file protein_39.cif (mmCIF, C-alpha atoms)
data_work
loop_
_atom_site.label_atom_id
_atom_site.label_comp_id
_atom_site.auth_asym_id
_atom_site.auth_seq_id
_atom_site.Cartn_x
_atom_site.Cartn_y
_atom_site.Cartn_z
CA MET A 1 82.61 32.96 -44.52
CA ALA A 2 80.58 29.81 -44.23
CA ALA A 3 79.96 30.44 -40.57
CA GLY A 4 78.79 33.95 -41.36
CA ILE A 5 76.46 32.73 -44.01
CA GLY A 6 75.09 30.02 -41.70
CA GLY A 7 74.51 32.49 -38.86
CA GLY A 8 72.63 34.79 -41.14
CA GLY A 9 70.43 31.92 -42.30
CA GLU A 10 69.57 30.98 -38.72
CA SER A 11 68.71 34.55 -37.88
CA SER A 12 66.45 34.78 -40.87
CA ALA A 13 64.73 31.49 -40.00
CA ALA A 14 64.16 32.59 -36.41
CA ALA A 15 62.64 35.84 -37.57
CA SER A 16 60.36 33.96 -39.95
CA SER A 17 59.31 31.55 -37.19
CA THR A 18 58.54 34.43 -34.85
CA ALA A 19 56.44 36.13 -37.49
CA THR A 20 54.48 32.92 -38.13
CA ALA A 21 53.89 32.35 -34.42
CA THR A 22 52.64 35.91 -34.11
CA ALA A 23 50.39 35.60 -37.11
CA ARG A 24 48.70 32.33 -36.12
CA PRO A 25 46.55 33.59 -33.22
CA LYS A 26 45.31 36.42 -35.45
CA ALA A 27 44.41 33.96 -38.18
CA LYS A 28 42.62 31.76 -35.63
CA LYS A 29 40.74 34.72 -34.28
CA ARG A 30 39.67 35.70 -37.79
CA ARG A 31 38.43 32.17 -38.44
CA ASN A 32 36.23 32.23 -35.29
CA ASP A 33 34.99 35.81 -35.46
CA HIS A 34 31.85 34.75 -37.30
CA LEU A 35 30.88 32.47 -34.36
CA GLU A 36 30.79 35.30 -31.85
CA PRO A 37 27.26 36.46 -32.83
CA LEU A 38 26.03 32.85 -32.54
CA VAL A 39 27.50 32.48 -29.06
CA SER A 40 25.91 35.79 -28.07
CA LEU A 41 22.53 34.64 -29.38
CA LEU A 42 22.78 31.39 -27.42
CA ALA A 43 23.70 33.33 -24.30
CA ALA A 44 20.68 35.60 -24.84
CA ALA A 45 18.42 32.55 -25.28
CA THR A 46 19.77 31.04 -22.06
CA SER A 47 19.11 34.30 -20.22
CA ALA A 48 15.58 34.42 -21.66
CA ALA A 49 14.94 30.86 -20.50
CA ARG A 50 16.03 31.78 -16.99
CA SER A 51 13.74 34.84 -17.03
CA PHE A 52 10.84 32.67 -18.22
CA LEU A 53 11.50 30.28 -15.35
CA LEU A 54 11.51 33.06 -12.77
CA ARG A 55 8.27 34.56 -14.13
CA ASN A 56 6.38 31.26 -14.39
CA ASP A 57 7.68 29.18 -11.49
CA LEU A 58 4.21 29.03 -9.90
CA ASN A 59 2.63 27.53 -13.00
CA LEU A 60 5.27 25.05 -14.13
CA LEU A 61 5.18 21.49 -12.86
CA PRO A 62 8.07 20.74 -10.51
CA SER A 63 9.56 18.32 -13.03
CA GLN A 64 9.44 21.06 -15.68
CA ALA A 65 10.90 23.76 -13.44
CA LEU A 66 13.69 21.56 -12.11
CA ALA A 67 14.60 20.26 -15.58
CA LEU A 68 14.59 23.77 -17.09
CA GLU A 69 16.75 25.14 -14.28
CA SER A 70 19.24 22.31 -14.71
CA ARG A 71 19.43 22.84 -18.48
CA VAL A 72 19.87 26.61 -18.15
CA HIS A 73 22.75 26.07 -15.74
CA SER A 74 24.37 23.49 -18.04
CA ALA A 75 23.91 25.67 -21.13
CA SER A 76 25.45 28.66 -19.39
CA SER A 77 28.50 26.65 -18.31
CA SER A 78 28.90 25.09 -21.77
CA LEU A 79 28.75 28.48 -23.51
CA GLY A 80 31.55 29.76 -21.30
CA SER A 81 33.70 26.76 -22.15
CA LEU A 82 32.93 27.11 -25.87
CA ALA A 83 33.88 30.80 -25.91
CA SER A 84 37.17 29.99 -24.20
CA LEU A 85 37.92 27.22 -26.69
CA LEU A 86 37.27 29.54 -29.65
CA SER A 87 39.22 32.44 -28.10
CA LEU A 88 36.08 34.56 -28.04
CA PRO A 89 35.10 37.03 -25.35
CA PRO A 90 33.18 35.17 -22.62
CA PRO A 91 29.42 35.63 -22.99
CA PRO A 92 27.62 37.31 -20.10
CA ARG A 93 26.56 34.56 -17.72
CA PRO A 94 23.16 35.04 -16.08
CA LEU A 95 23.70 35.31 -12.38
CA PRO A 96 21.72 32.96 -10.14
CA PRO A 97 18.88 34.73 -8.39
CA PRO A 98 19.80 35.88 -4.89
CA PRO A 99 18.10 33.98 -2.07
CA PRO A 100 14.82 35.81 -1.46
CA PRO A 101 13.81 36.78 2.07
CA PRO A 102 11.38 34.27 3.64
CA GLN A 103 8.40 36.56 3.06
CA ASP A 104 9.12 36.69 -0.69
CA CYS A 105 10.20 33.10 -1.33
CA TRP A 106 8.47 30.84 -3.85
CA PHE A 107 6.38 29.11 -1.18
CA ARG A 108 4.99 32.39 0.18
CA ARG A 109 4.07 33.50 -3.32
CA PHE A 110 2.45 30.10 -3.88
CA LEU A 111 0.37 30.45 -0.68
CA SER A 112 -0.80 33.89 -1.80
CA ALA A 113 -1.74 32.59 -5.25
CA THR A 114 -3.76 29.67 -3.85
CA HIS A 115 -5.15 31.36 -0.74
CA ALA A 116 -8.81 31.19 -1.75
CA ALA A 117 -8.71 27.81 -3.53
CA ASP A 118 -8.87 24.73 -1.33
CA PHE A 119 -8.62 22.37 -4.28
CA ASP A 120 -6.11 24.07 -6.56
CA PRO A 121 -4.49 21.12 -8.44
CA ARG A 122 -1.06 22.68 -7.96
CA TRP A 123 -1.07 21.47 -4.35
CA THR A 124 -1.12 17.89 -5.59
CA HIS A 125 1.50 18.64 -8.26
CA PHE A 126 3.89 20.21 -5.75
CA PHE A 127 3.20 18.35 -2.49
CA ARG A 128 1.41 15.13 -3.57
CA MET A 129 -1.69 16.02 -1.59
CA SER A 130 -4.55 18.51 -1.66
CA LYS A 131 -4.57 21.65 0.44
CA PRO A 132 -7.11 20.22 2.98
CA SER A 133 -4.91 17.15 3.51
CA PHE A 134 -1.83 19.36 3.90
CA SER A 135 -3.66 21.51 6.46
CA LEU A 136 -4.72 18.45 8.45
CA LEU A 137 -1.20 17.03 8.39
CA LEU A 138 0.19 20.40 9.46
CA ARG A 139 -2.13 20.44 12.51
CA LEU A 140 -0.95 16.97 13.49
CA VAL A 141 2.79 17.63 13.28
CA SER A 142 3.01 21.35 14.21
CA PRO A 143 3.62 20.82 17.96
CA SER A 144 6.59 18.55 17.24
CA LEU A 145 7.98 20.92 14.59
CA GLN A 146 7.66 24.00 16.81
CA SER A 147 9.71 22.18 19.44
CA ALA A 148 12.36 20.83 17.04
CA LEU A 149 12.57 23.88 14.72
CA PRO A 150 11.67 26.97 16.76
CA SER A 151 13.10 29.39 14.16
CA ILE A 152 11.36 27.88 11.09
CA PRO A 153 7.60 28.25 10.45
CA PRO A 154 5.99 24.79 10.63
CA ASP A 155 4.21 25.22 7.29
CA HIS A 156 7.53 26.05 5.57
CA ALA A 157 9.27 23.07 7.17
CA LEU A 158 6.50 20.63 6.27
CA ALA A 159 6.08 21.92 2.71
CA ALA A 160 9.85 21.86 2.10
CA ALA A 161 10.12 18.27 3.34
CA LEU A 162 7.17 17.08 1.25
CA TYR A 163 8.57 18.84 -1.83
CA ARG A 164 11.94 17.09 -1.43
CA LEU A 165 10.27 13.75 -0.73
CA ALA A 166 7.97 14.12 -3.75
CA HIS A 167 10.55 15.30 -6.29
CA ALA A 168 13.95 14.18 -4.92
CA THR A 169 14.99 17.84 -4.97
CA PRO A 170 18.49 18.83 -3.75
CA TYR A 171 18.63 20.71 -0.46
CA LYS A 172 20.10 23.79 -2.17
CA VAL A 173 17.05 24.10 -4.44
CA VAL A 174 14.62 23.31 -1.62
CA GLY A 175 16.20 26.00 0.52
CA ARG A 176 15.85 28.65 -2.18
CA LEU A 177 12.18 27.77 -2.80
CA PHE A 178 11.23 27.88 0.88
CA GLY A 179 13.41 30.70 2.19
CA LEU A 180 15.92 28.41 3.96
CA ASP A 181 19.61 27.82 3.63
CA SER A 182 20.80 24.33 2.66
CA ALA A 183 21.59 23.33 6.25
CA ASP A 184 18.15 24.35 7.49
CA ALA A 185 16.49 22.58 4.55
CA CYS A 186 18.31 19.37 5.53
CA ARG A 187 17.50 19.81 9.22
CA SER A 188 13.83 20.50 8.42
CA PHE A 189 13.54 17.41 6.24
CA PHE A 190 14.62 14.98 8.93
CA ALA A 191 12.70 16.84 11.66
CA VAL A 192 9.51 16.52 9.60
CA CYS A 193 10.09 12.80 8.99
CA ARG A 194 10.53 12.28 12.74
CA ALA A 195 7.40 14.32 13.49
CA ILE A 196 5.37 12.22 11.04
CA ASN A 197 6.62 9.02 12.66
CA GLU A 198 5.81 10.33 16.15
CA ASN A 199 2.33 11.62 15.37
CA LEU A 200 0.92 9.28 12.72
CA GLY A 201 1.86 5.95 14.28
CA ASP A 202 -1.76 5.23 15.20
CA LEU A 203 -2.48 4.79 11.48
CA LEU A 204 -0.88 1.33 11.80
CA GLU A 205 -4.09 -0.36 12.93
CA LEU A 206 -2.85 -3.89 13.63
CA TYR A 207 -3.20 -3.38 17.38
CA SER A 208 -6.18 -1.02 17.41
CA ASN A 209 -8.63 -2.17 14.74
CA ARG A 210 -8.08 -5.86 14.05
CA GLU A 211 -11.78 -6.54 13.52
CA ARG A 212 -11.85 -4.19 10.53
CA ILE A 213 -8.80 -5.95 9.11
CA ILE A 214 -10.35 -9.42 9.44
CA VAL A 215 -13.64 -8.27 7.89
CA GLY A 216 -11.74 -6.76 4.97
CA PHE A 217 -9.95 -10.02 4.21
CA GLY A 218 -13.24 -11.88 4.56
CA TRP A 219 -14.50 -9.95 1.53
CA ILE A 220 -11.65 -11.43 -0.55
CA LEU A 221 -12.32 -14.96 0.78
CA LEU A 222 -9.50 -15.15 3.34
CA PRO A 223 -11.34 -15.86 6.62
CA ASN A 224 -9.65 -14.91 9.91
CA CYS A 225 -6.70 -13.37 8.06
CA CYS A 226 -4.92 -10.47 9.79
CA GLY A 227 -2.53 -9.32 7.07
CA ILE A 228 -0.11 -10.06 4.26
CA LEU A 229 3.60 -10.08 5.16
CA GLY A 230 6.36 -9.33 2.67
CA PHE A 231 9.39 -7.19 1.92
CA GLY A 232 10.11 -3.97 0.06
CA ARG A 233 13.59 -3.24 -1.26
CA PHE A 234 15.24 0.17 -1.43
CA ARG A 235 18.45 0.67 -3.37
CA VAL A 236 21.50 2.20 -1.71
CA ASP A 237 24.05 4.29 -3.60
CA GLY A 238 27.65 3.30 -2.83
CA ASP A 239 29.35 0.12 -1.71
CA TRP A 240 28.11 0.04 1.87
CA LEU A 241 25.92 -3.01 1.11
CA GLY A 242 27.89 -4.33 -1.87
CA GLY A 243 27.42 -3.85 -5.57
CA ASN A 244 23.76 -4.90 -5.62
CA GLY A 245 22.98 -4.08 -2.01
CA CYS A 246 19.70 -2.72 -0.78
CA LEU A 247 17.74 -2.12 2.39
CA LEU A 248 14.91 -4.48 3.25
CA VAL A 249 11.67 -3.25 4.80
CA GLN A 250 9.40 -5.89 6.30
CA ALA A 251 5.76 -4.82 6.05
CA LEU A 252 2.35 -6.20 6.88
CA VAL A 253 -0.56 -4.80 4.83
CA ASP A 254 -4.33 -5.16 4.91
CA SER A 255 -6.74 -6.09 2.12
CA GLU A 256 -6.73 -2.52 0.77
CA GLY A 257 -2.95 -2.06 0.81
CA ARG A 258 -2.66 -0.06 4.04
CA PHE A 259 0.43 -0.67 6.13
CA LEU A 260 -0.34 -2.42 9.41
CA ASP A 261 3.22 -2.95 10.64
CA VAL A 262 6.57 -1.74 9.28
CA SER A 263 10.10 -2.70 10.28
CA ALA A 264 12.60 -0.74 8.19
CA GLY A 265 16.33 -0.62 7.62
CA TRP A 266 17.51 -4.23 7.41
CA PRO A 267 20.56 -4.93 5.20
CA SER A 268 19.94 -7.33 2.33
CA SER A 269 22.78 -9.52 3.58
CA LEU A 270 20.44 -10.83 6.31
CA ARG A 271 18.12 -13.75 5.59
CA PRO A 272 14.42 -12.81 5.66
CA ASP A 273 13.62 -15.44 8.30
CA SER A 274 16.40 -14.01 10.48
CA ILE A 275 14.92 -10.52 10.11
CA LEU A 276 11.45 -11.77 11.02
CA CYS A 277 12.66 -13.24 14.32
CA ARG A 278 14.14 -9.87 15.34
CA THR A 279 11.03 -7.77 14.72
CA PRO A 280 8.45 -6.56 17.26
CA LEU A 281 5.78 -8.31 15.18
CA PHE A 282 7.35 -11.70 15.86
CA SER A 283 7.71 -10.93 19.57
CA ALA A 284 4.10 -9.81 19.83
CA VAL A 285 2.92 -13.14 18.39
CA GLU A 286 5.39 -15.66 19.78
CA GLU A 287 6.35 -14.14 23.15
CA SER A 288 3.78 -11.70 24.54
CA ARG A 289 0.86 -13.33 22.66
CA GLU A 290 -0.48 -9.82 22.13
CA LEU A 291 -1.29 -10.51 18.48
CA LEU A 292 -3.20 -13.24 16.63
CA SER A 293 -4.63 -14.61 19.86
CA GLY A 294 -8.29 -14.06 18.97
CA PRO A 295 -10.93 -16.75 18.45
CA ASN A 296 -10.60 -19.49 15.87
CA PHE A 297 -12.78 -19.48 12.78
CA VAL A 298 -14.81 -22.51 11.68
CA LEU A 299 -14.48 -23.07 7.93
CA SER A 300 -17.15 -24.38 5.61
CA ASN A 301 -15.52 -27.82 5.68
CA GLY A 302 -15.81 -27.96 9.49
CA SER A 303 -12.12 -27.29 10.20
CA SER A 304 -11.14 -24.63 12.70
CA ILE A 305 -8.25 -22.25 12.01
CA PRO A 306 -6.61 -19.61 14.24
CA GLN A 307 -5.97 -16.01 13.28
CA TYR A 308 -3.09 -15.95 10.80
CA ILE A 309 -1.22 -13.89 8.26
CA LEU A 310 -0.02 -14.90 4.80
CA GLY A 311 3.72 -14.65 4.26
CA ASP A 312 6.13 -14.78 1.35
CA ALA A 313 8.02 -17.98 0.48
CA CYS A 314 11.14 -16.59 2.19
CA PHE A 315 9.47 -17.00 5.60
CA PRO A 316 9.08 -20.22 7.59
CA LEU A 317 5.69 -21.93 7.64
CA LEU A 318 4.18 -21.44 11.12
CA PRO A 319 0.71 -21.98 12.60
CA TRP A 320 0.11 -18.21 12.31
CA LEU A 321 2.25 -17.55 9.21
CA LEU A 322 1.06 -19.41 6.12
CA THR A 323 3.47 -19.56 3.18
CA PRO A 324 2.88 -21.09 -0.29
CA TYR A 325 3.37 -24.75 -1.10
CA ASN A 326 6.83 -25.30 -2.55
CA GLU A 327 7.16 -29.07 -2.90
CA GLU A 328 9.30 -30.21 -5.81
CA ASN A 329 6.69 -32.71 -6.98
CA SER A 330 3.65 -31.65 -8.99
CA PHE A 331 1.00 -29.73 -7.07
CA SER A 332 -2.48 -31.04 -6.43
CA SER A 333 -5.40 -28.90 -7.57
CA ILE A 334 -6.00 -27.85 -3.94
CA GLU A 335 -2.40 -26.74 -3.52
CA MET A 336 -2.47 -24.91 -6.84
CA GLU A 337 -5.61 -23.02 -5.82
CA PHE A 338 -4.03 -22.02 -2.51
CA ASN A 339 -0.85 -20.81 -4.23
CA SER A 340 -2.91 -18.82 -6.72
CA VAL A 341 -4.84 -17.05 -3.96
CA HIS A 342 -1.62 -16.58 -2.00
CA SER A 343 0.17 -15.01 -4.99
CA ARG A 344 -2.64 -12.52 -5.56
CA ALA A 345 -2.55 -11.58 -1.88
CA MET A 346 1.22 -11.01 -1.96
CA GLY A 347 0.59 -8.53 -4.76
CA LEU A 348 -0.96 -6.25 -2.12
CA VAL A 349 2.47 -5.80 -0.50
CA ARG A 350 4.22 -5.12 -3.80
CA ARG A 351 1.53 -2.66 -4.84
CA ALA A 352 1.68 -0.79 -1.52
CA PHE A 353 5.44 -0.25 -1.84
CA ALA A 354 5.10 0.66 -5.53
CA ARG A 355 2.55 3.34 -4.63
CA VAL A 356 4.83 4.74 -1.94
CA ARG A 357 7.63 5.07 -4.50
CA ALA A 358 5.30 6.51 -7.15
CA ARG A 359 4.12 9.28 -4.83
CA TRP A 360 7.49 9.93 -3.15
CA GLU A 361 10.11 10.00 -5.90
CA LEU A 362 12.98 10.28 -3.40
CA LEU A 363 12.27 6.68 -2.33
CA SER A 364 12.35 5.41 -5.91
CA LYS A 365 15.97 6.53 -6.34
CA PRO A 366 19.11 5.02 -4.78
CA LEU A 367 19.44 6.33 -1.24
CA LYS A 368 22.60 8.30 -0.49
CA GLU A 369 25.08 6.39 1.64
CA GLU A 370 26.04 9.42 3.76
CA HIS A 371 22.56 9.48 5.34
CA VAL A 372 22.44 5.80 6.16
CA GLU A 373 21.34 6.30 9.78
CA PHE A 374 18.24 8.21 8.60
CA PHE A 375 17.02 5.64 6.01
CA PRO A 376 14.57 3.86 8.32
CA ILE A 377 13.11 7.19 9.48
CA VAL A 378 12.48 8.43 5.93
CA ILE A 379 11.08 5.12 4.61
CA PHE A 380 8.80 4.70 7.63
CA ALA A 381 7.53 8.26 7.14
CA GLY A 382 6.72 7.46 3.51
CA CYS A 383 4.68 4.43 4.59
CA LEU A 384 2.76 6.41 7.22
CA LEU A 385 2.01 9.16 4.70
CA HIS A 386 0.68 6.44 2.38
CA ASN A 387 -1.83 5.43 5.08
CA PHE A 388 -2.65 9.05 5.92
CA LEU A 389 -3.46 9.92 2.31
CA MET A 390 -5.56 6.77 1.90
CA GLN A 391 -7.52 7.89 4.95
CA CYS A 392 -7.94 11.32 3.33
CA SER A 393 -9.20 9.64 0.11
CA GLU A 394 -6.41 11.19 -1.94
CA PRO A 395 -6.04 9.64 -5.41
CA VAL A 396 -3.24 7.11 -5.81
CA PHE A 397 -0.34 7.70 -8.17
CA ASP A 398 0.29 5.40 -11.12
CA GLU A 399 2.75 2.79 -9.88
CA ASN A 400 3.28 1.07 -13.25
CA GLY A 401 6.97 0.46 -13.79
CA VAL A 402 7.98 1.87 -10.39
CA GLY A 403 8.62 -1.56 -8.87
CA GLU A 404 10.31 -3.18 -11.87
CA TRP A 405 13.74 -3.21 -10.22
CA GLU A 406 12.30 -4.75 -7.06
CA GLU A 407 10.45 -7.45 -8.99
CA ASP A 408 13.74 -8.49 -10.61
CA GLN A 409 15.23 -9.32 -7.19
CA GLU A 410 14.80 -12.98 -6.35
CA VAL A 411 13.42 -13.91 -2.95
CA PRO A 412 15.28 -16.90 -1.50
CA ALA A 413 12.81 -19.55 -0.41
CA TYR A 414 12.99 -20.71 3.20
CA GLU A 415 14.83 -24.01 3.49
CA GLY A 416 14.48 -24.81 7.19
CA GLU A 417 12.28 -27.31 8.99
CA VAL A 418 8.55 -27.40 8.29
CA ASN A 419 6.20 -26.77 11.19
CA LYS A 420 3.68 -29.63 11.34
CA PHE A 421 0.83 -27.63 12.87
CA GLY A 422 1.45 -24.93 10.29
CA GLN A 423 0.93 -27.59 7.62
CA VAL A 424 -2.37 -28.60 9.20
CA VAL A 425 -3.67 -25.01 9.21
CA ARG A 426 -2.51 -24.39 5.65
CA ASP A 427 -4.08 -27.62 4.37
CA ALA A 428 -7.39 -26.76 6.03
CA LEU A 429 -7.42 -23.29 4.48
CA ALA A 430 -6.37 -24.69 1.09
CA GLN A 431 -9.28 -27.15 1.12
CA HIS A 432 -11.67 -24.33 2.04
CA LEU A 433 -10.39 -22.11 -0.78
CA SER A 434 -10.69 -24.97 -3.25
CA TRP A 435 -14.28 -25.64 -2.19
CA VAL A 436 -15.16 -21.94 -2.47
CA SER A 437 -13.57 -21.82 -5.93
CA LEU A 438 -15.59 -24.82 -7.13
CA ARG A 439 -18.79 -23.34 -5.72
CA ASP A 440 -18.22 -20.08 -7.59
#
call {"tool": "encode", "arguments": {"input": "protein_39.cif", "output": "structure tokens"}}
result
Amino acid sequence: MAAGIGGGGESSAAASSTATATARPKAKKRRNDHLEPLVSLLAAATSAARSFLLRNDLNLLPSQALALESRVHSASSSLGSLASLLSLPPPPRPLPPPPPPPQDCWFRRFLSATHAADFDPRWTHFFRMSKPSFSLLLRLVSPSLQSALPSIPPDHALAAALYRLAHATPYKVVGRLFGLDSADACRSFFAVCRAINENLGDLLELYSNRERIIVGFGWILLPNCCGILGFGRFRVDGDWLGGNGCLLVQALVDSEGRFLDVSAGWPSSLRPDSILCRTPLFSAVEESRELLSGPNFVLSNGSSIPQYILGDACFPLLPWLLTPYNEENSFSSIEMEFNSVHSRAMGLVRRAFARVRARWELLSKPLKEEHVEFFPIVIFAGCLLHNFLMQCSEPVFDENGVGEWEEDQEVPAYEGEVNKFGQVVRDALAQHLSWVSLRD
């Protein structure tokens, strides 16, 4: 009897449990039913935002278009997850636009919209240069691009590469905008960088127009100076160069911030003086005597100094490479004046790299480790484009804040032997600068 009673109780409990389990999903669904209209409204708003983007993509700034596209994609994914969590029917997800044929892609529509306007400001917004400058650059690199990319129109390839360089745009987005697939967008980017390096190299005027360089430095009271030598640093994403690793780019600039010589792609684990000795610049001065072999200049104090360049404290003091005084004892007024002039001159290197990063956003972000072999090509292309756009009188981009990370990196001072003749040249120039300062 007891067993019968117990069995009946268990059967009743099981039935009750089953009924509760069946009822719970219905109760949950009832609790969330009122959210379904809200989810539908959010889905409709997301779809409207995508439609707005597609209708106005020629008038939005790239930063606006890219940010809106990213947020629409994120909102659409989040709404799907929310509907699943609340056991609601999934909202209709706006499908991504199909890749347009090349003749209907964004870039073709942009060319049609700006056909009659040589100075439409959208050219600068999208490609960091005016239409006349783009056209000139296209004429210079077209032969190389036609050879390297026979199936891609040169104007598409160049515009796509500049767009990615200017806005750090993913290849998938670049491809959609310019009628390319992701692989062709990637191939075009590196082909354009190579074409720029091959065809714009004469804009490095150290070998071809040294007189202009010397005259320019004469205007800022640095007689017989042929350049300012320093380093730019470019962050690398990943652990290839360690936790705080970066690539070093040795660069020589003139009195206006043009690049005169660039040696890119050195790992930060190397000492700056070791990098210097491995560069063509060093060989051209120390071995072939092709550079800095012009006539001496007689200073106002009667001393004679050779052609020289000013270099950062991380370099050795040489007869042709004048670095700042770094004695531990207190500086004399003459040494202080030289270091002050030297510091202002080194700012030309920092400003040149900051302007490259400000114009080409891709170079202001950590470089992707998987493309390590292409880093020097891309950075060098950015420097040549800097010179090209200065030559075209294009306005500079605001570099404030762009080089903050670089300025936080300490430059190790050179600790090797001091060259005696280098000291003589530096002392003579320091006395001249002090005399000029007192006269003014």
call {"tool": "resolve_selection", "arguments": {"input": "protein_39.cif", "expression": "the PyMOL selection byres ((chain A and resi 306-323) around 6)", "output": "list of chain:residue names"}}
result
A:Asn224, A:Cys225, A:Cys226, A:Gly227, A:Ile228, A:Leu229, A:Gly230, A:Asp273, A:Leu292, A:Asn296, A:Ile305, A:Pro324, A:Pro412, A:Ala413, A:Tyr414, A:Asn419, A:Phe421, A:Gly422
call {"tool": "resolve_selection", "arguments": {"input": "protein_39.cif", "expression": "the PyMOL selection byres ((chain A and resi 157) around 9)", "output": "short mmCIF file (atom, residue, chain, number, x, y, z; two decimals) with C-alpha atoms, keeping the file's coordinate frame"}}
result
data_model
loop_
_atom_site.label_atom_id
_atom_site.label_comp_id
_atom_site.auth_asym_id
_atom_site.auth_seq_id
_atom_site.Cartn_x
_atom_site.Cartn_y
_atom_site.Cartn_z
CA LEU A 145 7.98 20.92 14.59
CA LEU A 149 12.57 23.88 14.72
CA ILE A 152 11.36 27.88 11.09
CA PRO A 153 7.60 28.25 10.45
CA PRO A 154 5.99 24.79 10.63
CA ASP A 155 4.21 25.22 7.29
CA HIS A 156 7.53 26.05 5.57
CA LEU A 158 6.50 20.63 6.27
CA ALA A 159 6.08 21.92 2.71
CA ALA A 160 9.85 21.86 2.10
CA ALA A 161 10.12 18.27 3.34
CA LEU A 162 7.17 17.08 1.25
CA PHE A 178 11.23 27.88 0.88
CA ASP A 184 18.15 24.35 7.49
CA ALA A 185 16.49 22.58 4.55
CA SER A 188 13.83 20.50 8.42
CA PHE A 189 13.54 17.41 6.24
CA ALA A 191 12.70 16.84 11.66
CA VAL A 192 9.51 16.52 9.60
#
call {"tool": "residues_around", "arguments": {"input": "protein_39.cif", "residues": "range 351-364 of chain A", "least_positions_apart": "4", "cutoff": "9 Å", "atoms": "only C-alpha atoms", "output": "PyMOL selection string"}}
result
chain A and resi 128+162+164-169+231-235+253+256-259+346-347+378-379+382-383+385-386+396-403
call {"tool": "write_last_selection", "arguments": {"input": "protein_39.cif", "atoms": "C-alpha atoms", "output": "short mmCIF file (atom, residue, chain, number, x, y, z; two decimals), keeping the file's coordinate frame"}}
result
data_model
loop_
_atom_site.label_atom_id
_atom_site.label_comp_id
_atom_site.auth_asym_id
_atom_site.auth_seq_id
_atom_site.Cartn_x
_atom_site.Cartn_y
_atom_site.Cartn_z
CA ARG A 128 1.41 15.13 -3.57
CA LEU A 162 7.17 17.08 1.25
CA ARG A 164 11.94 17.09 -1.43
CA LEU A 165 10.27 13.75 -0.73
CA ALA A 166 7.97 14.12 -3.75
CA HIS A 167 10.55 15.30 -6.29
CA ALA A 168 13.95 14.18 -4.92
CA THR A 169 14.99 17.84 -4.97
CA PHE A 231 9.39 -7.19 1.92
CA GLY A 232 10.11 -3.97 0.06
CA ARG A 233 13.59 -3.24 -1.26
CA PHE A 234 15.24 0.17 -1.43
CA ARG A 235 18.45 0.67 -3.37
CA VAL A 253 -0.56 -4.80 4.83
CA GLU A 256 -6.73 -2.52 0.77
CA GLY A 257 -2.95 -2.06 0.81
CA ARG A 258 -2.66 -0.06 4.04
CA PHE A 259 0.43 -0.67 6.13
CA MET A 346 1.22 -11.01 -1.96
CA GLY A 347 0.59 -8.53 -4.76
CA VAL A 378 12.48 8.43 5.93
CA ILE A 379 11.08 5.12 4.61
CA GLY A 382 6.72 7.46 3.51
CA CYS A 383 4.68 4.43 4.59
CA LEU A 385 2.01 9.16 4.70
CA HIS A 386 0.68 6.44 2.38
CA VAL A 396 -3.24 7.11 -5.81
CA PHE A 397 -0.34 7.70 -8.17
CA ASP A 398 0.29 5.40 -11.12
CA GLU A 399 2.75 2.79 -9.88
CA ASN A 400 3.28 1.07 -13.25
CA GLY A 401 6.97 0.46 -13.79
CA VAL A 402 7.98 1.87 -10.39
CA GLY A 403 8.62 -1.56 -8.87
#
call {"tool": "atom_distance", "arguments": {"input": "protein_39.cif", "atom1": "CA of Ser340 in chain A", "atom2": "CA of Ala430 in chain A"}}
result
10.4 Å
call {"tool": "axis_aligned_box", "arguments": {"input": "protein_39.cif", "around": "range 277-295 of chain A", "padding_each_side": "5 Å", "output": "lines of an AutoDock Vina configuration file"}}
result
center_x = 1.6
center_y = -11.7
center_z = 19.4
size_x = 35.1
size_y = 20.2
size_z = 20.2
call {"tool": "closest_residue", "arguments": {"input": "protein_39.cif", "among": "A:Tyr325, A:Ser269, A:Val298, A:Phe331", "to": "Val418 in chain A", "atoms": "only C-alpha atoms"}}
result
A:Tyr325
call {"tool": "resolve_selection", "arguments": {"input": "protein_39.cif", "expression": "the PyMOL selection byres ((chain A and resi 197-209) around 8)", "output": "number ranges by chain"}}
result
A: 140-141, 193-196, 210-213, 226, 259-261, 291, 377, 380-381, 384, 387-388
call {"tool": "atom_distance", "arguments": {"input": "protein_39.cif", "atom1": "CA of Arg109 in chain A", "atom2": "CA of Glu394 in chain A"}}
result
24.7 Å
call {"tool": "atom_distance", "arguments": {"input": "protein_39.cif", "atom1": "CA of Ser144 in chain A", "atom2": "CA of Leu180 in chain A"}}
result
19.0 Å
